[in-house]
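Heads up, start.cif below (mmCIF, C-alpha atoms):
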```
data_query
#
loop_
_atom_site.label_atom_id
_atom_site.label_comp_id
_atom_site.auth_asym_id
_atom_site.auth_seq_id
_atom_site.Cartn_x
_atom_site.Cartn_y
_atom_site.Cartn_z
CA MET A 23 22.13 24.36 6.40
CA ALA A 24 24.92 26.18 8.17
CA ASP A 25 27.61 24.00 6.59
CA GLY A 26 26.37 24.86 3.09
CA LYS A 27 25.13 21.36 2.33
CA ILE A 28 21.60 20.72 1.23
CA ALA A 29 19.54 18.04 2.95
CA VAL A 30 15.93 17.19 2.22
CA ASP A 31 14.39 14.39 4.19
CA GLY A 32 10.94 13.36 5.27
CA TYR A 33 9.61 11.25 8.11
CA GLU A 34 5.99 10.59 8.66
CA GLN A 35 3.69 8.15 10.30
CA ILE A 36 0.42 10.00 9.92
CA ALA A 37 -1.76 6.88 9.76
CA HIS A 38 -0.03 5.42 12.83
CA LEU A 39 -0.38 8.68 14.78
CA MET A 40 -4.08 8.77 13.90
CA GLY A 41 -4.47 5.15 14.99
CA VAL A 42 -5.55 4.07 11.51
CA PRO A 43 -4.10 0.90 9.92
CA GLY A 44 -3.54 2.60 6.57
CA PRO A 45 -0.55 2.94 4.28
CA SER A 46 1.89 5.74 4.89
CA PHE A 47 1.73 9.00 2.98
CA MET A 48 5.17 8.24 1.54
CA SER A 49 4.14 4.84 0.20
CA THR A 50 0.93 6.26 -1.24
CA TYR A 51 2.51 9.28 -2.93
CA GLN A 52 6.14 8.16 -3.31
CA ALA A 53 6.64 9.60 -6.80
CA ASP A 54 5.12 12.95 -5.78
CA VAL A 55 7.23 13.11 -2.61
CA ASP A 56 10.37 12.26 -4.59
CA GLN A 57 9.54 14.97 -7.11
CA MET A 58 8.95 17.53 -4.35
CA LYS A 59 12.30 16.63 -2.78
CA GLN A 60 13.94 17.15 -6.16
CA ASN A 61 12.14 20.49 -6.63
CA ILE A 62 13.33 21.70 -3.22
CA LEU A 63 16.90 20.61 -3.95
CA ASP A 64 16.81 22.34 -7.36
CA TYR A 65 15.42 25.52 -5.81
CA MET A 66 17.94 25.55 -2.98
CA THR A 67 20.82 24.88 -5.38
CA GLY A 68 19.63 27.83 -7.47
CA LEU A 69 19.60 30.02 -4.35
CA GLN A 70 23.09 28.88 -3.36
CA ASN A 71 24.34 29.70 -6.86
CA LEU A 72 22.71 33.13 -6.61
CA LYS A 73 24.34 33.71 -3.22
CA LYS A 74 27.78 32.87 -4.69
CA ASN A 75 27.15 34.93 -7.84
CA PRO A 76 24.70 37.74 -6.94
CA HIS A 77 25.30 39.42 -10.29
CA LEU A 78 23.71 36.50 -12.15
CA ALA A 79 19.99 35.84 -12.61
CA PHE A 80 18.31 33.16 -10.49
CA THR A 81 18.04 29.91 -12.43
CA VAL A 82 17.09 26.36 -11.64
CA ASN A 83 18.96 23.68 -13.53
CA ARG A 84 16.78 20.71 -14.26
CA ALA A 85 17.86 17.36 -15.52
CA THR A 86 15.68 15.84 -18.20
CA GLU A 87 13.00 13.87 -16.40
CA LYS A 88 12.68 10.23 -17.30
CA LYS A 89 9.26 8.66 -16.95
CA PRO A 90 9.23 5.59 -14.72
CA ILE A 91 9.39 2.31 -16.60
CA PHE A 92 5.93 1.49 -15.23
CA THR A 93 3.61 2.62 -12.48
CA LEU A 94 2.65 0.24 -9.73
CA ARG A 95 -0.97 0.23 -8.81
CA LYS A 96 -1.85 -1.33 -5.48
CA THR A 97 -4.23 -3.93 -4.11
CA LEU A 98 -6.75 -2.88 -1.48
CA ASP A 99 -4.16 -4.02 1.09
CA SER A 100 -1.54 -1.73 -0.54
CA PHE A 101 0.53 -4.50 -2.11
CA PRO A 102 2.05 -3.62 -5.49
CA ILE A 103 0.41 -5.10 -8.57
CA LEU A 104 2.57 -6.24 -11.45
CA PRO A 105 1.26 -4.82 -14.71
CA ILE A 106 0.25 -7.64 -17.03
CA PRO A 107 1.60 -7.75 -19.57
CA LEU A 108 4.81 -5.86 -18.86
CA GLN A 109 5.49 -3.61 -21.83
CA ASP A 110 9.07 -4.85 -21.89
CA LYS A 111 9.83 -5.59 -25.55
CA ASN A 112 12.52 -2.93 -25.88
CA TRP A 113 13.69 -2.78 -22.28
CA THR A 114 17.40 -2.40 -21.67
CA LYS A 115 19.27 -3.87 -18.70
CA ALA A 116 18.87 -0.48 -16.99
CA ASP A 117 15.10 -0.62 -17.55
CA TRP A 118 14.93 -4.08 -15.96
CA GLU A 119 17.02 -2.83 -13.03
CA GLU A 120 14.61 0.08 -12.58
CA ALA A 121 11.59 -2.23 -12.65
CA PHE A 122 13.18 -4.60 -10.13
CA SER A 123 14.12 -1.70 -7.84
CA LEU A 124 10.67 -0.17 -8.06
CA TYR A 125 8.94 -3.42 -7.15
CA VAL A 126 11.37 -4.50 -4.43
CA ASN A 127 11.68 -1.02 -2.91
CA TYR A 128 7.91 -0.81 -2.63
CA HIS A 129 7.74 -4.15 -0.82
CA TYR A 130 10.54 -3.10 1.51
CA GLN A 131 8.75 0.15 2.24
CA LEU A 132 5.62 -1.83 3.17
CA GLY A 133 7.71 -4.07 5.41
CA THR A 134 9.19 -1.09 7.27
CA GLY A 135 5.83 0.60 7.71
CA GLY A 136 6.76 3.34 5.28
CA ILE A 137 9.86 4.40 7.19
CA SER A 138 12.30 3.39 4.46
CA ASP A 139 12.33 2.31 0.85
CA LYS A 140 16.12 1.88 0.73
CA VAL A 141 16.59 -1.86 0.47
CA PRO A 142 19.65 -3.15 2.38
CA TYR A 143 20.65 -5.51 -0.43
CA THR A 144 23.90 -6.62 1.21
CA ASP A 145 22.25 -7.49 4.52
CA ILE A 146 19.47 -9.38 2.78
CA SER A 147 21.91 -11.15 0.48
CA ASN A 148 24.02 -12.30 3.44
CA ALA A 149 20.97 -13.85 5.16
CA GLN A 150 18.63 -14.35 2.23
CA ALA A 151 16.55 -17.19 3.70
CA THR A 152 15.92 -15.11 6.84
CA PHE A 153 14.43 -12.25 4.84
CA ILE A 154 12.82 -13.91 1.80
CA ASP A 155 10.91 -17.16 1.59
CA PRO A 156 12.56 -19.09 -1.28
CA LYS A 157 9.17 -19.55 -2.98
CA TYR A 158 9.27 -15.85 -3.94
CA LEU A 159 12.47 -16.19 -5.95
CA PRO A 160 13.35 -18.29 -8.98
CA HIS A 161 15.39 -21.41 -8.19
CA ASN A 162 19.00 -20.51 -7.26
CA MET A 163 18.45 -16.74 -7.55
CA LYS A 164 20.80 -14.76 -5.33
CA PHE A 165 18.95 -11.66 -4.15
CA THR A 166 21.23 -8.69 -4.61
CA ASN A 167 21.34 -5.16 -5.92
CA PRO A 168 19.86 -5.23 -9.43
CA ARG A 169 23.06 -3.67 -10.83
CA ASN A 170 24.76 -6.94 -9.89
CA LEU A 171 22.12 -9.15 -11.50
CA HIS A 172 22.04 -10.25 -15.11
CA LYS A 173 19.14 -8.99 -17.18
CA GLU A 174 17.96 -12.59 -17.56
CA ASP A 175 17.89 -13.04 -13.76
CA ILE A 176 15.62 -10.01 -13.36
CA GLN A 177 13.39 -11.23 -16.18
CA ALA A 178 13.21 -14.65 -14.49
CA PHE A 179 12.24 -12.95 -11.21
CA PHE A 180 9.22 -11.23 -12.77
CA SER A 181 8.30 -14.30 -14.78
CA HIS A 182 8.43 -16.40 -11.60
CA LEU A 183 6.11 -14.02 -9.75
CA ARG A 184 3.58 -13.99 -12.60
CA LYS A 185 3.78 -17.68 -13.49
CA ASP A 186 3.45 -18.96 -9.93
CA GLY A 187 0.84 -16.38 -8.94
CA LEU A 188 3.08 -15.00 -6.21
CA GLY A 189 2.73 -11.37 -7.18
CA ALA A 190 -0.61 -9.65 -7.50
CA THR A 191 -1.18 -9.29 -11.22
CA LYS A 192 -4.72 -7.97 -11.46
CA TYR A 193 -6.17 -4.70 -10.34
CA PRO A 194 -9.09 -4.97 -7.87
CA ASP A 195 -11.62 -3.75 -10.48
CA GLU A 196 -10.43 -6.47 -12.90
CA VAL A 197 -10.91 -9.17 -10.24
CA GLU A 198 -14.44 -7.92 -9.60
CA ALA A 199 -15.14 -7.99 -13.35
CA ASP A 200 -13.80 -11.56 -13.56
CA LEU A 201 -16.10 -12.66 -10.74
CA GLY A 202 -18.91 -11.15 -12.73
#
```
Rewrite the structure from the file as structure tokens, please.
Amino acid sequence: MADGKIAVDGYEQIAHLMGVPGPSFMSTYQADVDQMKQNILDYMTGLQNLKKNPHLAFTVNRATEKKPIFTLRKTLDSFPILPIPLQDKNWTKADWEEAFSLYVNYHYQLGTGGISDKVPYTDISNAQATFIDPKYLPHNMKFTNPRNLHKEDIQAFFSHLRKDGLGATKYPDEVEADLG
């Protein structure tokens, strides 16, 4: 950009433009899109560094990539499926925050038709009952940014979804196998 700042953004409604009631490209390939954004930013940062220091070799600095805590598969209607069991024995508070964010961001992205996965935690928290039916949260849970939740609150959230059957917990092929 002319001001020297890097911006990478994407907007798409391919399914809508085609008149097909399908999930958005972003919601289907979110991890790949995020990785491509990061690759572009890394590349452009390397070019900016080369422009400032033309005597140096072109390099791309990469942070060590962390694998996601889990991968969400989806139902045929594109709702996220909670992995059962969660492989959470050694999860830290940060791991629980990541899991909560992944699950909630995906639902928010579905609710916005793929336009955004950035959950407005403050807005939702200020009018929680307007946005979230209380049955989807453990008793007395205040929905807020996961950084502001206790680890036990996040664990209770996932336990509540699994125990009360509120979150999809089986993959479509497993349901078919169960029906026999």
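Minimum atom-to-atom distances from A:Tyr65, A:Lys173, A:Ser49, A:Val126 to Ala37 (chain A) were compared using only C-alpha atoms, and the lowest value belongs to A:Ser49.
Considering the residues A:Asn61, A:Phe179, A:Thr166, A:Gly133 and counting all atoms listed in the file, Asp145 (chain A) has its shortest atom-to-atom contact with A:Thr166.
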task = Go through A:Phe47, A:Tyr128, A:Phe92, A:Phe180 and flag the residue nearest Gln35 (chain A), using only C-alpha atoms for the distances.
result = A:Phe47
key: the PyMOL selection byres ((chain A and resi 99) around 12) resolved against shown file, as a VMD selection string   = chain A and resid 43 to 45 50 95 to 98 100 to 103 132 190 193 to 194
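Residues in contact with Glu120 (chain A) at 9 Å, where all atoms listed in the file are counted and same-chain residues fewer than 5 positions away are skipped, are listed as Pro90, Ile91, Lys115, Tyr125 and Pro168 of chain A.
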With C-alpha atoms retained, write the just-selected residues as a tab-separated table (two decimals), in the coordinates of the input.
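Generated file (out.tsv):
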```
chain	number	residue	atom	x	y	z
A	90	PRO	CA	9.23	5.59	-14.72
A	91	ILE	CA	9.39	2.31	-16.60
A	115	LYS	CA	19.27	-3.87	-18.70
A	125	TYR	CA	8.94	-3.42	-7.15
A	168	PRO	CA	19.86	-5.23	-9.43
```
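Computed from the coordinates, the CA of Ala121 (chain A) to CA of Asp64 (chain A) distance equals 25.7 Å.
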request  = Give the answer as one residue: which of A:Ile137, A:Asn170, A:Ala149, A:Asp175 has the shortest atom-to-atom distance to Ser46 (chain A), using all atoms listed in the file?
outcome  = A:Ile137
